[in-house]
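**Student:** One file is attached below, work-v2.cif, containing mmCIF, C-alpha atoms; chains and numbers go by the auth columns.
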```
data_target
#
loop_
_atom_site.group_PDB
_atom_site.id
_atom_site.type_symbol
_atom_site.label_atom_id
_atom_site.label_comp_id
_atom_site.label_asym_id
_atom_site.label_seq_id
_atom_site.Cartn_x
_atom_site.Cartn_y
_atom_site.Cartn_z
_atom_site.B_iso_or_equiv
_atom_site.auth_seq_id
_atom_site.auth_asym_id
ATOM 1 C CA MET A 1 -15.667 -18.496 -2.940 0.00 1 H
ATOM 2 C CA PHE A 2 -18.390 -15.918 -3.642 0.00 2 H
ATOM 3 C CA GLN A 3 -18.771 -15.192 0.075 0.00 3 H
ATOM 4 C CA TRP A 4 -15.006 -14.701 0.413 0.00 4 H
ATOM 5 C CA PHE A 5 -14.937 -12.399 -2.628 0.00 5 H
ATOM 6 C CA SER A 6 -17.890 -10.371 -1.280 0.00 6 H
ATOM 7 C CA ALA A 7 -16.167 -9.954 2.063 0.00 7 H
ATOM 8 C CA LEU A 8 -12.944 -8.811 0.379 0.00 8 H
ATOM 9 C CA TRP A 9 -14.936 -6.405 -1.810 0.00 9 H
ATOM 10 C CA ALA A 10 -16.555 -4.909 1.302 0.00 10 H
ATOM 11 C CA LEU A 11 -13.200 -4.748 3.096 0.00 11 H
ATOM 12 C CA LEU A 12 -11.703 -2.749 0.247 0.00 12 H
ATOM 13 C CA GLY A 13 -14.606 -0.323 0.474 0.00 13 H
ATOM 14 C CA LEU A 14 -15.916 -1.185 -3.003 0.00 14 H
ATOM 15 C CA GLY A 15 -19.236 -2.880 -2.241 0.00 15 H
ATOM 16 C CA PRO A 16 -22.430 -0.839 -2.755 0.00 16 H
ATOM 17 C CA ALA A 17 -23.414 -0.959 0.923 0.00 17 H
ATOM 18 C CA ARG A 18 -19.896 0.003 1.999 0.00 18 H
ATOM 19 C CA THR A 19 -19.744 2.797 -0.566 0.00 19 H
ATOM 20 C CA LYS A 20 -23.108 4.133 0.575 0.00 20 H
ATOM 21 C CA GLY A 21 -21.962 4.022 4.204 0.00 21 H
ATOM 22 C CA MET A 22 -18.713 5.807 3.417 0.00 22 H
ATOM 23 C CA LYS A 23 -20.652 8.522 1.577 0.00 23 H
ATOM 24 C CA GLY A 24 -22.776 9.047 4.681 0.00 24 H
ATOM 25 C CA GLU A 25 -19.669 9.308 6.867 0.00 25 H
ATOM 26 C CA GLU A 26 -18.153 11.860 4.485 0.00 26 H
ATOM 27 C CA LEU A 27 -21.308 13.986 4.678 0.00 27 H
ATOM 28 C CA VAL A 28 -21.231 13.928 8.487 0.00 28 H
ATOM 29 C CA ALA A 29 -17.520 14.811 8.575 0.00 29 H
ATOM 30 C CA ALA A 30 -18.160 17.694 6.166 0.00 30 H
ATOM 31 C CA LYS A 31 -20.999 18.979 8.345 0.00 31 H
ATOM 32 C CA LEU A 32 -18.712 18.932 11.399 0.00 32 H
ATOM 33 C CA ALA A 33 -16.098 20.917 9.470 0.00 33 H
ATOM 34 C CA GLU A 34 -18.477 23.664 8.332 0.00 34 H
ATOM 35 C CA PRO A 35 -17.424 27.147 9.500 0.00 35 H
ATOM 36 C CA GLY A 36 -19.556 29.255 11.816 0.00 36 H
ATOM 37 C CA TRP A 37 -19.250 30.706 15.290 0.00 37 H
ATOM 38 C CA ARG A 38 -22.143 28.595 16.571 0.00 38 H
ATOM 39 C CA ARG A 39 -20.475 25.351 15.560 0.00 39 H
ATOM 40 C CA VAL A 40 -19.141 23.140 18.364 0.00 40 H
ATOM 41 C CA LYS A 41 -15.424 23.114 17.602 0.00 41 H
ATOM 42 C CA GLY A 42 -13.513 19.883 17.886 0.00 42 H
ATOM 43 C CA LEU A 43 -11.256 17.258 16.332 0.00 43 H
ATOM 44 C CA CYS A 44 -12.706 14.504 14.155 0.00 44 H
ATOM 45 C CA LEU A 45 -11.486 10.903 13.807 0.00 45 H
ATOM 46 C CA ARG A 46 -13.021 8.399 11.395 0.00 46 H
ATOM 47 C CA ASN A 47 -13.183 4.609 11.158 0.00 47 H
ATOM 48 C CA LEU A 48 -11.660 3.574 14.452 0.00 48 H
ATOM 49 C CA TYR A 49 -11.171 -0.155 15.102 0.00 49 H
ATOM 50 C CA LEU A 50 -11.402 -0.395 18.885 0.00 50 H
ATOM 51 C CA PRO A 51 -10.712 -3.502 20.979 0.00 51 H
ATOM 52 C CA ALA A 52 -13.951 -4.997 22.294 0.00 52 H
ATOM 53 C CA GLY A 53 -12.788 -7.721 24.677 0.00 53 H
ATOM 54 C CA ASP A 54 -13.773 -11.252 23.706 0.00 54 H
ATOM 55 C CA SER A 55 -15.805 -9.841 20.789 0.00 55 H
ATOM 56 C CA GLY A 56 -12.649 -8.875 18.904 0.00 56 H
ATOM 57 C CA THR A 57 -12.984 -5.342 17.570 0.00 57 H
ATOM 58 C CA THR A 58 -15.751 -2.835 16.955 0.00 58 H
ATOM 59 C CA GLU A 59 -15.660 -0.275 14.143 0.00 59 H
ATOM 60 C CA VAL A 60 -16.717 3.270 15.063 0.00 60 H
ATOM 61 C CA ASP A 61 -17.801 5.528 12.178 0.00 61 H
ATOM 62 C CA LEU A 62 -16.731 8.878 13.659 0.00 62 H
ATOM 63 C CA ILE A 63 -15.836 10.442 16.964 0.00 63 H
ATOM 64 C CA TYR A 64 -15.768 14.200 17.539 0.00 64 H
ATOM 65 C CA LEU A 65 -13.547 15.319 20.410 0.00 65 H
ATOM 66 C CA THR A 66 -14.520 18.630 22.003 0.00 66 H
ATOM 67 C CA ARG A 67 -14.255 20.417 25.322 0.00 67 H
ATOM 68 C CA ARG A 68 -17.812 19.175 26.015 0.00 68 H
ATOM 69 C CA GLY A 69 -16.628 15.572 25.752 0.00 69 H
ATOM 70 C CA ILE A 70 -16.514 13.006 22.971 0.00 70 H
ATOM 71 C CA TYR A 71 -19.443 12.654 20.593 0.00 71 H
ATOM 72 C CA VAL A 72 -19.638 9.108 19.237 0.00 72 H
ATOM 73 C CA LEU A 73 -21.412 9.391 15.894 0.00 73 H
ATOM 74 C CA GLU A 74 -23.086 6.508 14.093 0.00 74 H
ATOM 75 C CA SER A 75 -23.839 7.475 10.487 0.00 75 H
ATOM 76 C CA LYS A 76 -26.860 5.977 8.695 0.00 76 H
ATOM 77 C CA ASN A 77 -27.231 6.804 5.009 0.00 77 H
ATOM 78 C CA TYR A 78 -30.860 5.830 4.345 0.00 78 H
ATOM 79 C CA THR A 79 -33.785 7.134 2.332 0.00 79 H
ATOM 80 C CA GLY A 80 -37.491 6.822 3.090 0.00 80 H
ATOM 81 C CA ARG A 81 -39.430 6.902 6.324 0.00 81 H
ATOM 82 C CA ILE A 82 -37.470 5.770 9.392 0.00 82 H
ATOM 83 C CA ALA A 83 -39.320 4.378 12.396 0.00 83 H
ATOM 84 C CA GLY A 84 -37.819 3.045 15.615 0.00 84 H
ATOM 85 C CA ALA A 85 -37.542 3.296 19.376 0.00 85 H
ATOM 86 C CA GLU A 86 -34.799 2.818 21.939 0.00 86 H
ATOM 87 C CA ASP A 87 -36.144 -0.595 22.975 0.00 87 H
ATOM 88 C CA TRP A 88 -36.872 -1.969 19.488 0.00 88 H
ATOM 89 C CA PRO A 89 -34.332 -4.595 18.350 0.00 89 H
ATOM 90 C CA GLU A 90 -34.842 -3.533 14.744 0.00 90 H
ATOM 91 C CA TRP A 91 -35.874 -0.262 13.094 0.00 91 H
ATOM 92 C CA THR A 92 -37.538 0.049 9.703 0.00 92 H
ATOM 93 C CA ALA A 93 -36.943 2.147 6.603 0.00 93 H
ATOM 94 C CA THR A 94 -40.001 2.341 4.348 0.00 94 H
ATOM 95 C CA VAL A 95 -39.151 3.342 0.777 0.00 95 H
ATOM 96 C CA THR A 96 -41.457 4.157 -2.141 0.00 96 H
ATOM 97 C CA VAL A 97 -40.426 2.013 -5.134 0.00 97 H
ATOM 98 C CA GLY A 98 -42.956 3.039 -7.777 0.00 98 H
ATOM 99 C CA ARG A 99 -46.669 2.644 -8.368 0.00 99 H
ATOM 100 C CA ASN A 100 -48.968 -0.279 -9.053 0.00 100 H
ATOM 101 C CA TRP A 101 -51.308 -0.578 -12.036 0.00 101 H
ATOM 102 C CA LEU A 102 -53.895 1.542 -10.196 0.00 102 H
ATOM 103 C CA GLY A 103 -51.405 4.361 -9.795 0.00 103 H
ATOM 104 C CA GLN A 104 -51.062 3.791 -6.042 0.00 104 H
ATOM 105 C CA PRO A 105 -47.568 4.051 -4.521 0.00 105 H
ATOM 106 C CA ARG A 106 -45.773 0.792 -3.784 0.00 106 H
ATOM 107 C CA THR A 107 -43.456 0.602 -0.792 0.00 107 H
ATOM 108 C CA GLU A 108 -40.771 -1.712 0.500 0.00 108 H
ATOM 109 C CA LYS A 109 -39.699 -2.111 4.107 0.00 109 H
ATOM 110 C CA HIS A 110 -36.088 -2.669 5.060 0.00 110 H
ATOM 111 C CA THR A 111 -34.877 -3.390 8.584 0.00 111 H
ATOM 112 C CA LEU A 112 -31.759 -2.138 10.323 0.00 112 H
ATOM 113 C CA TYR A 113 -30.310 -3.159 13.652 0.00 113 H
ATOM 114 C CA ASN A 114 -31.208 -0.674 16.393 0.00 114 H
ATOM 115 C CA PRO A 115 -28.523 2.028 15.910 0.00 115 H
ATOM 116 C CA ILE A 116 -28.806 3.175 19.544 0.00 116 H
ATOM 117 C CA TRP A 117 -27.879 -0.342 20.692 0.00 117 H
ATOM 118 C CA GLN A 118 -25.160 -0.499 18.039 0.00 118 H
ATOM 119 C CA ASN A 119 -23.610 2.749 19.219 0.00 119 H
ATOM 120 C CA ALA A 120 -23.859 1.640 22.847 0.00 120 H
ATOM 121 C CA GLY A 121 -21.370 -1.111 21.997 0.00 121 H
ATOM 122 C CA HIS A 122 -19.029 1.472 20.479 0.00 122 H
ATOM 123 C CA ILE A 123 -19.284 3.622 23.607 0.00 123 H
ATOM 124 C CA ARG A 124 -18.487 0.666 25.880 0.00 124 H
ATOM 125 C CA ALA A 125 -15.325 -0.015 23.902 0.00 125 H
ATOM 126 C CA LEU A 126 -14.367 3.673 23.950 0.00 126 H
ATOM 127 C CA ARG A 127 -15.096 3.972 27.673 0.00 127 H
ATOM 128 C CA ALA A 128 -12.622 1.180 28.390 0.00 128 H
ATOM 129 C CA LEU A 129 -9.929 3.262 26.674 0.00 129 H
ATOM 130 C CA VAL A 130 -10.643 6.777 27.977 0.00 130 H
ATOM 131 C CA GLY A 131 -11.901 6.052 31.496 0.00 131 H
ATOM 132 C CA GLU A 132 -14.963 7.121 33.445 0.00 132 H
ATOM 133 C CA ASP A 133 -14.151 10.831 33.725 0.00 133 H
ATOM 134 C CA VAL A 134 -14.540 11.689 30.031 0.00 134 H
ATOM 135 C CA PRO A 135 -18.130 12.572 29.001 0.00 135 H
ATOM 136 C CA LEU A 136 -19.337 10.418 26.091 0.00 136 H
ATOM 137 C CA TRP A 137 -22.371 11.292 23.973 0.00 137 H
ATOM 138 C CA SER A 138 -24.153 9.000 21.540 0.00 138 H
ATOM 139 C CA VAL A 139 -25.430 10.645 18.346 0.00 139 H
ATOM 140 C CA ILE A 140 -27.183 8.745 15.540 0.00 140 H
ATOM 141 C CA VAL A 141 -27.063 10.808 12.345 0.00 141 H
ATOM 142 C CA PHE A 142 -29.298 9.984 9.385 0.00 142 H
ATOM 143 C CA SER A 143 -28.215 11.437 6.077 0.00 143 H
ATOM 144 C CA GLY A 144 -29.859 11.164 2.691 0.00 144 H
ATOM 145 C CA ARG A 145 -33.459 11.864 1.811 0.00 145 H
ATOM 146 C CA CYS A 146 -35.112 10.359 4.860 0.00 146 H
ATOM 147 C CA ARG A 147 -37.856 11.362 7.265 0.00 147 H
ATOM 148 C CA LEU A 148 -37.610 10.432 10.931 0.00 148 H
ATOM 149 C CA ALA A 149 -41.004 9.246 12.145 0.00 149 H
ATOM 150 C CA GLU A 150 -41.973 7.596 15.430 0.00 150 H
ATOM 151 C CA ILE A 151 -38.410 7.833 16.725 0.00 151 H
ATOM 152 C CA SER A 152 -38.234 7.790 20.514 0.00 152 H
ATOM 153 C CA TRP A 153 -35.583 7.454 23.211 0.00 153 H
ATOM 154 C CA ASP A 154 -35.268 8.373 26.903 0.00 154 H
ATOM 155 C CA ARG A 155 -31.532 8.627 27.532 0.00 155 H
ATOM 156 C CA GLU A 156 -30.194 12.152 28.029 0.00 156 H
ATOM 157 C CA ASP A 157 -26.769 11.162 26.648 0.00 157 H
ATOM 158 C CA THR A 158 -28.316 10.057 23.334 0.00 158 H
ATOM 159 C CA ALA A 159 -29.707 11.888 20.315 0.00 159 H
ATOM 160 C CA VAL A 160 -31.116 10.842 16.942 0.00 160 H
ATOM 161 C CA CYS A 161 -31.217 13.448 14.191 0.00 161 H
ATOM 162 C CA ARG A 162 -30.931 14.225 10.499 0.00 162 H
ATOM 163 C CA ILE A 163 -27.638 15.606 9.295 0.00 163 H
ATOM 164 C CA GLU A 164 -29.060 19.138 8.927 0.00 164 H
ATOM 165 C CA GLU A 165 -29.846 19.173 12.645 0.00 165 H
ATOM 166 C CA LEU A 166 -26.427 17.975 13.800 0.00 166 H
ATOM 167 C CA PRO A 167 -24.873 21.356 14.825 0.00 167 H
ATOM 168 C CA ARG A 168 -27.918 22.261 16.923 0.00 168 H
ATOM 169 C CA VAL A 169 -27.970 18.822 18.566 0.00 169 H
ATOM 170 C CA LEU A 170 -24.288 19.033 19.521 0.00 170 H
ATOM 171 C CA ARG A 171 -24.777 22.479 21.058 0.00 171 H
ATOM 172 C CA LYS A 172 -27.566 21.130 23.268 0.00 172 H
ATOM 173 C CA MET A 173 -25.611 18.115 24.541 0.00 173 H
ATOM 174 C CA GLY A 174 -22.921 18.381 27.183 0.00 174 H
ATOM 175 C CA GLN A 175 -21.472 21.264 29.151 0.00 175 H
ATOM 176 C CA SER A 176 -18.793 23.519 27.732 0.00 176 H
ATOM 177 C CA GLY A 177 -15.479 23.317 29.537 0.00 177 H
ATOM 178 C CA ALA A 178 -15.842 19.743 30.776 0.00 178 H
ATOM 179 C CA LEU A 179 -12.391 19.094 29.286 0.00 179 H
ATOM 180 C CA SER A 180 -9.415 21.372 28.757 0.00 180 H
ATOM 181 C CA ARG A 181 -7.932 21.936 25.318 0.00 181 H
ATOM 182 C CA ARG A 182 -4.892 19.961 26.406 0.00 182 H
ATOM 183 C CA GLU A 183 -7.065 17.017 27.493 0.00 183 H
ATOM 184 C CA VAL A 184 -8.880 17.059 24.137 0.00 184 H
ATOM 185 C CA GLN A 185 -5.574 16.976 22.261 0.00 185 H
ATOM 186 C CA ASP A 186 -4.227 14.199 24.475 0.00 186 H
ATOM 187 C CA LEU A 187 -7.367 12.107 23.830 0.00 187 H
ATOM 188 C CA HIS A 188 -7.019 12.708 20.100 0.00 188 H
ATOM 189 C CA ASP A 189 -3.378 11.604 20.142 0.00 189 H
ATOM 190 C CA ARG A 190 -4.250 8.512 22.183 0.00 190 H
ATOM 191 C CA LEU A 191 -7.119 7.429 19.907 0.00 191 H
ATOM 192 C CA GLU A 192 -5.687 8.377 16.494 0.00 192 H
ATOM 193 C CA PRO A 193 -3.644 5.140 16.139 0.00 193 H
ATOM 194 C CA TYR A 194 -6.909 3.143 16.126 0.00 194 H
ATOM 195 C CA THR A 195 -7.719 4.742 12.749 0.00 195 H
ATOM 196 C CA ARG A 196 -4.681 3.014 11.236 0.00 196 H
ATOM 197 C CA ALA A 197 -5.793 -0.618 11.376 0.00 197 H
ATOM 198 C CA THR A 198 -3.802 -3.033 9.223 0.00 198 H
ATOM 199 C CA TRP A 199 -5.391 -5.060 6.428 0.00 199 H
ATOM 200 C CA ALA A 200 -5.086 -8.150 8.627 0.00 200 H
ATOM 201 C CA GLU A 201 -6.990 -6.425 11.442 0.00 201 H
ATOM 202 C CA LYS A 202 -9.684 -5.222 9.044 0.00 202 H
ATOM 203 C CA TRP A 203 -10.016 -8.676 7.532 0.00 203 H
ATOM 204 C CA ALA A 204 -10.341 -10.239 10.995 0.00 204 H
ATOM 205 C CA HIS A 205 -13.068 -7.694 11.763 0.00 205 H
ATOM 206 C CA VAL A 206 -14.964 -8.613 8.577 0.00 206 H
ATOM 207 C CA ARG A 207 -14.800 -12.303 9.489 0.00 207 H
ATOM 208 C CA GLN A 208 -16.021 -11.485 12.998 0.00 208 H
ATOM 209 C CA VAL A 209 -18.996 -9.497 11.658 0.00 209 H
ATOM 210 C CA GLN A 210 -19.887 -12.275 9.212 0.00 210 H
ATOM 211 C CA GLU A 211 -19.885 -14.887 11.978 0.00 211 H
ATOM 212 C CA LYS A 212 -22.061 -12.657 14.159 0.00 212 H
ATOM 213 C CA GLU A 213 -24.545 -12.200 11.303 0.00 213 H
ATOM 214 C CA ARG A 214 -24.663 -15.975 10.728 0.00 214 H
ATOM 215 C CA THR A 215 -25.306 -16.565 14.439 0.00 215 H
ATOM 216 C CA GLN A 216 -28.108 -13.984 14.452 0.00 216 H
ATOM 217 C CA ALA A 217 -29.604 -15.510 11.303 0.00 217 H
ATOM 218 C CA ARG A 218 -29.596 -18.974 12.885 0.00 218 H
ATOM 219 C CA ALA A 219 -31.282 -17.562 15.985 0.00 219 H
ATOM 220 C CA ARG A 220 -33.988 -15.915 13.852 0.00 220 H
ATOM 221 C CA THR A 221 -34.682 -19.171 11.999 0.00 221 H
ATOM 222 C CA GLN A 222 -35.430 -20.888 15.316 0.00 222 H
ATOM 223 C CA LEU A 223 -38.249 -18.467 16.147 0.00 223 H
ATOM 224 C CA CYS A 224 -41.812 -18.775 14.900 0.00 224 H
ATOM 225 C CA PRO A 225 -42.476 -15.988 12.364 0.00 225 H
ATOM 226 C CA TRP A 226 -46.176 -15.984 13.306 0.00 226 H
ATOM 227 C CA CYS A 227 -46.047 -15.586 17.085 0.00 227 H
ATOM 228 C CA GLY A 228 -42.364 -15.394 18.074 0.00 228 H
ATOM 229 C CA GLY A 229 -42.440 -18.693 19.990 0.00 229 H
ATOM 230 C CA ALA A 230 -39.594 -21.209 19.881 0.00 230 H
ATOM 231 C CA LEU A 231 -39.557 -23.761 17.063 0.00 231 H
ATOM 232 C CA VAL A 232 -39.083 -27.375 18.133 0.00 232 H
ATOM 233 C CA VAL A 233 -38.464 -30.516 16.110 0.00 233 H
ATOM 234 C CA ARG A 234 -41.528 -32.733 15.917 0.00 234 H
ATOM 235 C CA THR A 235 -42.308 -36.008 14.148 0.00 235 H
ATOM 236 C CA ALA A 236 -45.491 -36.498 12.129 0.00 236 H
ATOM 237 C CA ARG A 237 -47.511 -39.371 13.621 0.00 237 H
ATOM 238 C CA ARG A 238 -50.091 -39.970 10.924 0.00 238 H
ATOM 239 C CA GLY A 239 -50.909 -39.258 7.320 0.00 239 H
ATOM 240 C CA LYS A 240 -48.661 -39.501 4.278 0.00 240 H
ATOM 241 C CA TYR A 241 -45.856 -37.682 6.127 0.00 241 H
ATOM 242 C CA ALA A 242 -45.882 -40.063 9.118 0.00 242 H
ATOM 243 C CA GLY A 243 -42.393 -40.533 10.538 0.00 243 H
ATOM 244 C CA GLN A 244 -40.977 -37.380 8.942 0.00 244 H
ATOM 245 C CA GLN A 245 -39.588 -34.566 11.086 0.00 245 H
ATOM 246 C CA PHE A 246 -40.581 -30.919 10.884 0.00 246 H
ATOM 247 C CA TYR A 247 -40.288 -27.712 12.904 0.00 247 H
ATOM 248 C CA GLY A 248 -43.438 -26.860 14.839 0.00 248 H
ATOM 249 C CA CYS A 249 -44.250 -23.930 17.071 0.00 249 H
ATOM 250 C CA SER A 250 -43.971 -24.563 20.812 0.00 250 H
ATOM 251 C CA ASN A 251 -47.224 -22.639 21.260 0.00 251 H
ATOM 252 C CA TYR A 252 -49.215 -25.329 19.441 0.00 252 H
ATOM 253 C CA PRO A 253 -52.246 -25.657 19.299 0.00 253 H
ATOM 254 C CA ALA A 254 -52.693 -21.882 19.704 0.00 254 H
ATOM 255 C CA CYS A 255 -50.200 -21.437 16.853 0.00 255 H
ATOM 256 C CA ARG A 256 -50.047 -24.027 14.058 0.00 256 H
ATOM 257 C CA TYR A 257 -46.976 -22.786 12.189 0.00 257 H
ATOM 258 C CA LYS A 258 -44.730 -25.536 10.822 0.00 258 H
ATOM 259 C CA ARG A 259 -41.720 -25.754 8.523 0.00 259 H
ATOM 260 C CA ASP A 260 -39.688 -28.523 6.949 0.00 260 H
ATOM 261 C CA VAL A 261 -36.463 -29.454 8.673 0.00 261 H
#
```
Show me, as structure tokens, the structure contained in the file I just sent.

**Tutor:**
Amino acid sequence: MFQWFSALWALLGLGPARTKGMKGEELVAAKLAEPGWRRVKGLCLRNLYLPAGDSGTTEVDLIYLTRRGIYVLESKNYTGRIAGAEDWPEWTATVTVGRNWLGQPRTEKHTLYNPIWQNAGHIRALRALVGEDVPLWSVIVFSGRCRLAEISWDREDTAVCRIEELPRVLRKMGQSGALSRREVQDLHDRLEPYTRATWAEKWAHVRQVQEKERTQARARTQLCPWCGGALVVRTARRGKYAGQQFYGCSNYPACRYKRDV
């Protein structure tokens, strides 16, 4: 019951994580709408639920349609020190949470799924709708009081930046005139209906995300936290636990991690 209520709370946009995410999206949309002759002019769409084949749907935070192509923006509203690379499955956000009794700062580390990989899934879904001729650009935008450290990527169609840097990043990506004004408007009209998902579609998406998170959690529990090897079920042969089963690392005896079944 609690899990169902939490999912409904998130669906309605009332959960703290959802509220924080929506605030980040609003900041990015406001930055795109700022006046100025050096701004890349375009049309903005938010919260698109795009079909993703057998995976159901994928939710895209924002897309910005311009004559340079479509910028697919993934908003991350985090504080602290952000570290990550294109080939890391998870990135980290290190946050200062006070001081210990010696007056030294205490920190906490939080992980987030690689946003470049996350946005790549959004771009695949969008590509299936707009075709191969429309330039698509992946932009990861961090808002809030964060510092990007040790962030690296190699793809020329990808950028990671703080929200203050967004106008400059957009100006550097793409080539002006790749699309006509008419083509931009047509793309906007074609994609706008995906911002009007029904409650049933949103609820199905929440259920899909929950199932994916459970699957990922199960996969993580089957890996050794010490060395990353696979955990296998073993049976104790001697001692007071003889005959009882436990999870042991497949790299034994080099790794002696074990956990109760």

**Student:** Using all atoms listed in the file, which residues sit within 8 Å of segment 164-176 of chain H once same-chain residues fewer than 5 positions away are excluded, as a VMD selection string?

**Tutor:** chain H and resid 31 to 32 38 to 40 67 to 69 135 137 141 157 159

**Student:** So that I can check the surroundings of segment 250-257 of chain H, please list as a list in words every protein, DNA and RNA residue that reaches within 12 Å of it, counting only C-alpha atoms and ignoring chain neighbours fewer than 6 positions away.

**Tutor:**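 What passes the distance filter is Gln222, Leu223, Cys224, Pro225, Trp226, Cys227, Gly228, Gly229, Ala230, Leu231, Val232, Val233 and Arg234 of chain H.
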
**Student:** What do you get, as a ChimeraX atom specification, if you spell out every residue that the PyMOL selection byres ((chain H and resi 140) around 7) selects here?

**Tutor:** /H:73-75,115,138-139,141-142,159-161

**Student:** Hey, can you check how far atom CA of Thr107 of chain H sits from atom CA of Thr92 of chain H?

**Tutor:**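 The value is 12.1 Å.
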
**Student:** Using only C-alpha atoms, pick whichever of H:Gly53, H:Pro193, H:Gly243, H:Gly80 has the shortest atom-to-atom distance to Ala93 of chain H.

**Tutor:** H:Gly80

**Student:** When you draw a straight line from atom CA of Glu183 of chain H to atom CA of Gly131 of chain H, how long is it in Å?

**Tutor:** 12.6 Å

**Student:** For the provided coordinates, the residues matched by the PyMOL selection byres ((chain H and resi 43) around 6) should be stated as an NGL selection string.

**Tutor:** :H and (42 or 44 or 64-65)

**Student:** On this structure, the PyMOL selection byres ((chain H and resi 85) around 8) would catch which residues? List them as a list in words, sorted by chain and number.

**Tutor:**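 Given this file, the PyMOL selection byres ((chain H and resi 85) around 8) evaluates to Ala83, Gly84, Glu86, Asp87, Trp88, Trp91, Glu150, Ile151, Ser152 and Trp153 of chain H.
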
**Student:** Okay, now the selection with C-alpha atoms, as an mmCIF file, keeping the file's coordinate frame?

**Tutor:**
```cif
data_model
loop_
_atom_site.group_PDB
_atom_site.id
_atom_site.type_symbol
_atom_site.label_atom_id
_atom_site.label_comp_id
_atom_site.auth_asym_id
_atom_site.auth_seq_id
_atom_site.Cartn_x
_atom_site.Cartn_y
_atom_site.Cartn_z
ATOM 1 C CA ALA H 83 -39.320 4.378 12.396
ATOM 2 C CA GLY H 84 -37.819 3.045 15.615
ATOM 3 C CA GLU H 86 -34.799 2.818 21.939
ATOM 4 C CA ASP H 87 -36.144 -0.595 22.975
ATOM 5 C CA TRP H 88 -36.872 -1.969 19.488
ATOM 6 C CA TRP H 91 -35.874 -0.262 13.094
ATOM 7 C CA GLU H 150 -41.973 7.596 15.430
ATOM 8 C CA ILE H 151 -38.410 7.833 16.725
ATOM 9 C CA SER H 152 -38.234 7.790 20.514
ATOM 10 C CA TRP H 153 -35.583 7.454 23.211
#
```

**Student:** I'd like the neighbourhood of Leu27 of chain H as a compact mmCIF listing (two decimals) with C-alpha atoms, in the frame of the given file, where a residue qualifies if any of its atoms comes within 12 Å (using all atoms listed in the file), though same-chain residues fewer than 6 positions away should be ignored.

**Tutor:**
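Below is the file part.txt, written as the result:
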```txt
# COMPACT_ATOMS: atom_id res chain seq x y z
CA LYS H 20 -23.11 4.13 0.57
CA GLY H 21 -21.96 4.02 4.20
CA ALA H 33 -16.10 20.92 9.47
CA GLU H 34 -18.48 23.66 8.33
CA ASP H 61 -17.80 5.53 12.18
CA LEU H 62 -16.73 8.88 13.66
CA SER H 75 -23.84 7.48 10.49
CA LYS H 76 -26.86 5.98 8.70
CA ASN H 77 -27.23 6.80 5.01
CA VAL H 141 -27.06 10.81 12.34
CA PHE H 142 -29.30 9.98 9.38
CA SER H 143 -28.22 11.44 6.08
CA GLY H 144 -29.86 11.16 2.69
CA ARG H 162 -30.93 14.22 10.50
CA ILE H 163 -27.64 15.61 9.30
CA GLU H 164 -29.06 19.14 8.93
CA LEU H 166 -26.43 17.98 13.80
```

**Student:** Which residue, H:Ala30, H:Arg181, H:Leu45, H:Thr158, has the smallest gap to Asn119 of chain H when you use all atoms listed in the file?

**Tutor:**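 Closest candidate: H:Thr158.
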
**Student:** Between atom CA of Gln118 of chain H and atom CA of Arg196 of chain H, what is the distance in Å, rounded to a tenth?

**Tutor:** 21.9 Å

**Student:** Listed atoms of segment 155-173 of chain H, axis-aligned box, 8 Å per side: centre and edge lengths to one decimal in Å, as AutoDock Vina command-line options?

**Tutor:**
```
--center_x -27.9 --center_y 15.6 --center_z 18.5 --size_x 23.2 --size_y 29.9 --size_z 35.1
```

**Student:** Using all atoms listed in the file, pick whichever of H:Glu132, H:Arg124, H:His110, H:Tyr78 has the shortest atom-to-atom distance to Pro51 of chain H.

**Tutor:**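 Using all atoms listed in the file, the shortest distance to Pro51 of chain H belongs to H:Arg124.
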
**Student:** Go through H:Ile123, H:Val184, H:Leu112, H:Leu129 and flag the residue nearest Lys41 of chain H, using all atoms listed in the file for the distances.

**Tutor:**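 Smallest distance to Lys41 of chain H is found for H:Val184.
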
**Student:** Measuring between all atoms listed in the file, which one of H:Gly248, H:Thr66, H:Lys258, H:Arg145 shows the shortest distance to Arg182 of chain H?

**Tutor:**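 Nearest to Arg182 of chain H: H:Thr66.
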